[in-house]
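Here's the structure we're looking at; comments come further down.
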Amino acid sequence: MSDASINEIQKLIFVSFSEDKNLTISDLERLWSLELQWMMPDEASLVIKKLIKSGWLVSENNLVSPVYLDKQSFPSLGWQPMLRIISSPPIFVSESAPSPI
């Protein structure tokens, strides 16, 4: 699991959940595809499913929330996620998250 992949996923999660800790799946799909125009709606749906399956997101009652939100993963201006990386996310392990100081 590369640090670049983990970093990319953490940035995506930070941007998506920095204001709301829980979003509906359709709101997250709409955010990524229509508002931010990062991907097509079907790609957004696939990425969400893969992030849930790999443990980065938790789904309950049609709401998704991050397992871990790294407040230091603030992306640079103009950042966009790389679809090839986020569509094949590494499995989340607690070591992916830095230890709190």
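In the structure tokens, each chain is lettered A, B, ... as it comes, each chain's residues begin at 1, and ligands are numbered from 1 in order of appearance.
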
DSSP-assigned helix (DSSP H, G or I) among chain A, expressed as a PyMOL selection string: chain A and resi 3-17+25-35+41-53+83-86+94-96

Using N, CA and C atoms, can you export the residues from the last selection as a CSV table (one decimal), in the first residue's frame?
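File written: out_9.csv
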```csv
chain,number,residue,atom,x,y,z
A,3,ASP,N,2.1,5.2,0.2
A,3,ASP,CA,1.7,6.4,0.9
A,3,ASP,C,0.9,7.4,0.0
A,4,ALA,N,1.3,7.4,-1.3
A,4,ALA,CA,0.5,8.2,-2.3
A,4,ALA,C,-0.9,7.9,-2.4
A,5,SER,N,-1.2,6.6,-2.4
A,5,SER,CA,-2.6,6.1,-2.4
A,5,SER,C,-3.4,6.5,-1.2
A,6,ILE,N,-2.7,6.3,0.0
A,6,ILE,CA,-3.3,6.6,1.2
A,6,ILE,C,-3.6,8.1,1.3
A,7,ASN,N,-2.6,8.9,0.9
A,7,ASN,CA,-2.7,10.4,0.9
A,7,ASN,C,-3.9,10.8,0.0
A,8,GLU,N,-4.0,10.2,-1.2
A,8,GLU,CA,-5.1,10.6,-2.1
A,8,GLU,C,-6.4,10.3,-1.5
A,9,ILE,N,-6.6,9.2,-0.9
A,9,ILE,CA,-7.9,8.8,-0.2
A,9,ILE,C,-8.1,9.7,0.9
A,10,GLN,N,-7.1,10.0,1.7
A,10,GLN,CA,-7.3,10.9,2.9
A,10,GLN,C,-7.8,12.3,2.4
A,11,LYS,N,-7.2,12.8,1.3
A,11,LYS,CA,-7.6,14.1,0.8
A,11,LYS,C,-9.0,14.1,0.3
A,12,LEU,N,-9.4,13.0,-0.4
A,12,LEU,CA,-10.8,12.9,-0.9
A,12,LEU,C,-11.8,12.9,0.3
A,13,ILE,N,-11.4,12.2,1.3
A,13,ILE,CA,-12.3,12.1,2.5
A,13,ILE,C,-12.4,13.4,3.2
A,14,PHE,N,-11.2,14.1,3.3
A,14,PHE,CA,-11.2,15.4,4.0
A,14,PHE,C,-12.1,16.4,3.2
A,15,VAL,N,-12.0,16.5,1.9
A,15,VAL,CA,-12.8,17.4,1.1
A,15,VAL,C,-14.2,17.1,1.2
A,16,SER,N,-14.6,15.8,1.2
A,16,SER,CA,-15.9,15.4,1.2
A,16,SER,C,-16.7,15.5,2.5
A,17,PHE,N,-15.9,15.3,3.6
A,17,PHE,CA,-16.6,15.3,4.9
A,17,PHE,C,-16.1,16.4,5.9
A,25,ILE,N,-25.6,8.6,0.5
A,25,ILE,CA,-24.8,8.1,-0.6
A,25,ILE,C,-25.1,9.0,-1.8
A,26,SER,N,-26.4,9.3,-2.0
A,26,SER,CA,-26.7,10.2,-3.2
A,26,SER,C,-26.1,11.6,-3.1
A,27,ASP,N,-26.0,12.1,-1.9
A,27,ASP,CA,-25.4,13.4,-1.7
A,27,ASP,C,-23.9,13.4,-2.1
A,28,LEU,N,-23.2,12.3,-1.6
A,28,LEU,CA,-21.8,12.1,-1.9
A,28,LEU,C,-21.6,11.9,-3.4
A,29,GLU,N,-22.4,11.1,-4.1
A,29,GLU,CA,-22.4,11.0,-5.5
A,29,GLU,C,-22.6,12.3,-6.2
A,30,ARG,N,-23.5,13.1,-5.8
A,30,ARG,CA,-23.8,14.4,-6.4
A,30,ARG,C,-22.7,15.4,-6.2
A,31,LEU,N,-22.1,15.3,-5.0
A,31,LEU,CA,-21.0,16.2,-4.7
A,31,LEU,C,-19.8,16.0,-5.7
A,32,TRP,N,-19.4,14.7,-5.8
A,32,TRP,CA,-18.3,14.4,-6.6
A,32,TRP,C,-18.5,14.5,-8.1
A,33,SER,N,-19.8,14.2,-8.5
A,33,SER,CA,-20.0,14.2,-10.0
A,33,SER,C,-20.6,15.5,-10.5
A,34,LEU,N,-21.5,16.1,-9.8
A,34,LEU,CA,-22.2,17.3,-10.3
A,34,LEU,C,-21.6,18.6,-9.8
A,35,GLU,N,-21.4,18.7,-8.5
A,35,GLU,CA,-20.9,19.9,-7.9
A,35,GLU,C,-19.4,20.1,-8.2
A,41,PRO,N,-21.5,10.2,-12.5
A,41,PRO,CA,-22.2,9.6,-11.4
A,41,PRO,C,-22.0,8.1,-11.2
A,42,ASP,N,-21.9,7.3,-12.2
A,42,ASP,CA,-21.7,5.9,-12.0
A,42,ASP,C,-20.3,5.6,-11.5
A,43,GLU,N,-19.3,6.4,-11.8
A,43,GLU,CA,-18.0,6.3,-11.3
A,43,GLU,C,-18.0,6.6,-9.8
A,44,ALA,N,-18.7,7.7,-9.4
A,44,ALA,CA,-18.8,8.1,-8.0
A,44,ALA,C,-19.5,7.0,-7.2
A,45,SER,N,-20.5,6.3,-7.7
A,45,SER,CA,-21.2,5.2,-7.1
A,45,SER,C,-20.2,4.1,-6.8
A,46,LEU,N,-19.4,3.8,-7.9
A,46,LEU,CA,-18.4,2.7,-7.8
A,46,LEU,C,-17.3,3.0,-6.7
A,47,VAL,N,-16.8,4.2,-6.7
A,47,VAL,CA,-15.8,4.6,-5.8
A,47,VAL,C,-16.3,4.5,-4.4
A,48,ILE,N,-17.6,5.0,-4.1
A,48,ILE,CA,-18.2,4.9,-2.8
A,48,ILE,C,-18.2,3.4,-2.3
A,49,LYS,N,-18.7,2.6,-3.2
A,49,LYS,CA,-18.8,1.1,-2.9
A,49,LYS,C,-17.4,0.6,-2.5
A,50,LYS,N,-16.4,0.9,-3.3
A,50,LYS,CA,-15.1,0.4,-3.0
A,50,LYS,C,-14.5,1.0,-1.7
A,51,LEU,N,-14.8,2.3,-1.4
A,51,LEU,CA,-14.3,2.8,-0.2
A,51,LEU,C,-15.0,2.2,1.0
A,52,ILE,N,-16.2,1.8,0.9
A,52,ILE,CA,-16.9,1.1,1.9
A,52,ILE,C,-16.3,-0.3,2.1
A,53,LYS,N,-16.2,-1.0,1.0
A,53,LYS,CA,-15.6,-2.3,1.0
A,53,LYS,C,-14.2,-2.4,1.6
A,83,LEU,N,-8.7,9.4,-10.4
A,83,LEU,CA,-9.7,8.3,-10.5
A,83,LEU,C,-9.0,6.9,-10.4
A,84,ARG,N,-7.9,6.7,-11.1
A,84,ARG,CA,-7.3,5.4,-11.1
A,84,ARG,C,-6.8,5.0,-9.7
A,85,ILE,N,-6.5,6.0,-8.8
A,85,ILE,CA,-6.1,5.6,-7.4
A,85,ILE,C,-7.3,5.4,-6.6
A,86,ILE,N,-8.3,6.3,-6.6
A,86,ILE,CA,-9.4,6.2,-5.7
A,86,ILE,C,-10.4,5.1,-6.1
A,94,SER,N,-5.6,0.7,10.7
A,94,SER,CA,-5.4,1.8,11.6
A,94,SER,C,-4.0,2.5,11.5
A,95,GLU,N,-3.0,1.7,11.0
A,95,GLU,CA,-1.7,2.3,10.8
A,95,GLU,C,-1.7,3.4,9.7
A,96,SER,N,-2.8,3.4,8.8
A,96,SER,CA,-3.0,4.4,7.8
A,96,SER,C,-3.2,5.8,8.4
```

List every residue of segment 27-65 of chain A that has an atom at most 12 Å from any atom of segment 69-77 of chain A, giving for each one its closest atom pair and the distance in Å to one decimal, counting only C-alpha atoms, sorted by chain and then by ascending residue number, as JSON lines.
```
{"residue": "A:Trp56", "atom": "CA", "partner": "A:Leu69", "partner_atom": "CA", "distance": 9.5}
{"residue": "A:Leu57", "atom": "CA", "partner": "A:Leu69", "partner_atom": "CA", "distance": 10.1}
{"residue": "A:Ser65", "atom": "CA", "partner": "A:Leu69", "partner_atom": "CA", "distance": 9.4}
```

Nearest-residue call for Ser88 of chain A, choices A:Tyr68, A:Ser54, A:Asn62, A:Leu36, using only C-alpha atoms: A:Ser54

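Minimum distance to Lys21 of chain A across A:Val93, A:Met39, A:Pro66, A:Glu60 (counting only C-alpha atoms) occurs at A:Pro66.
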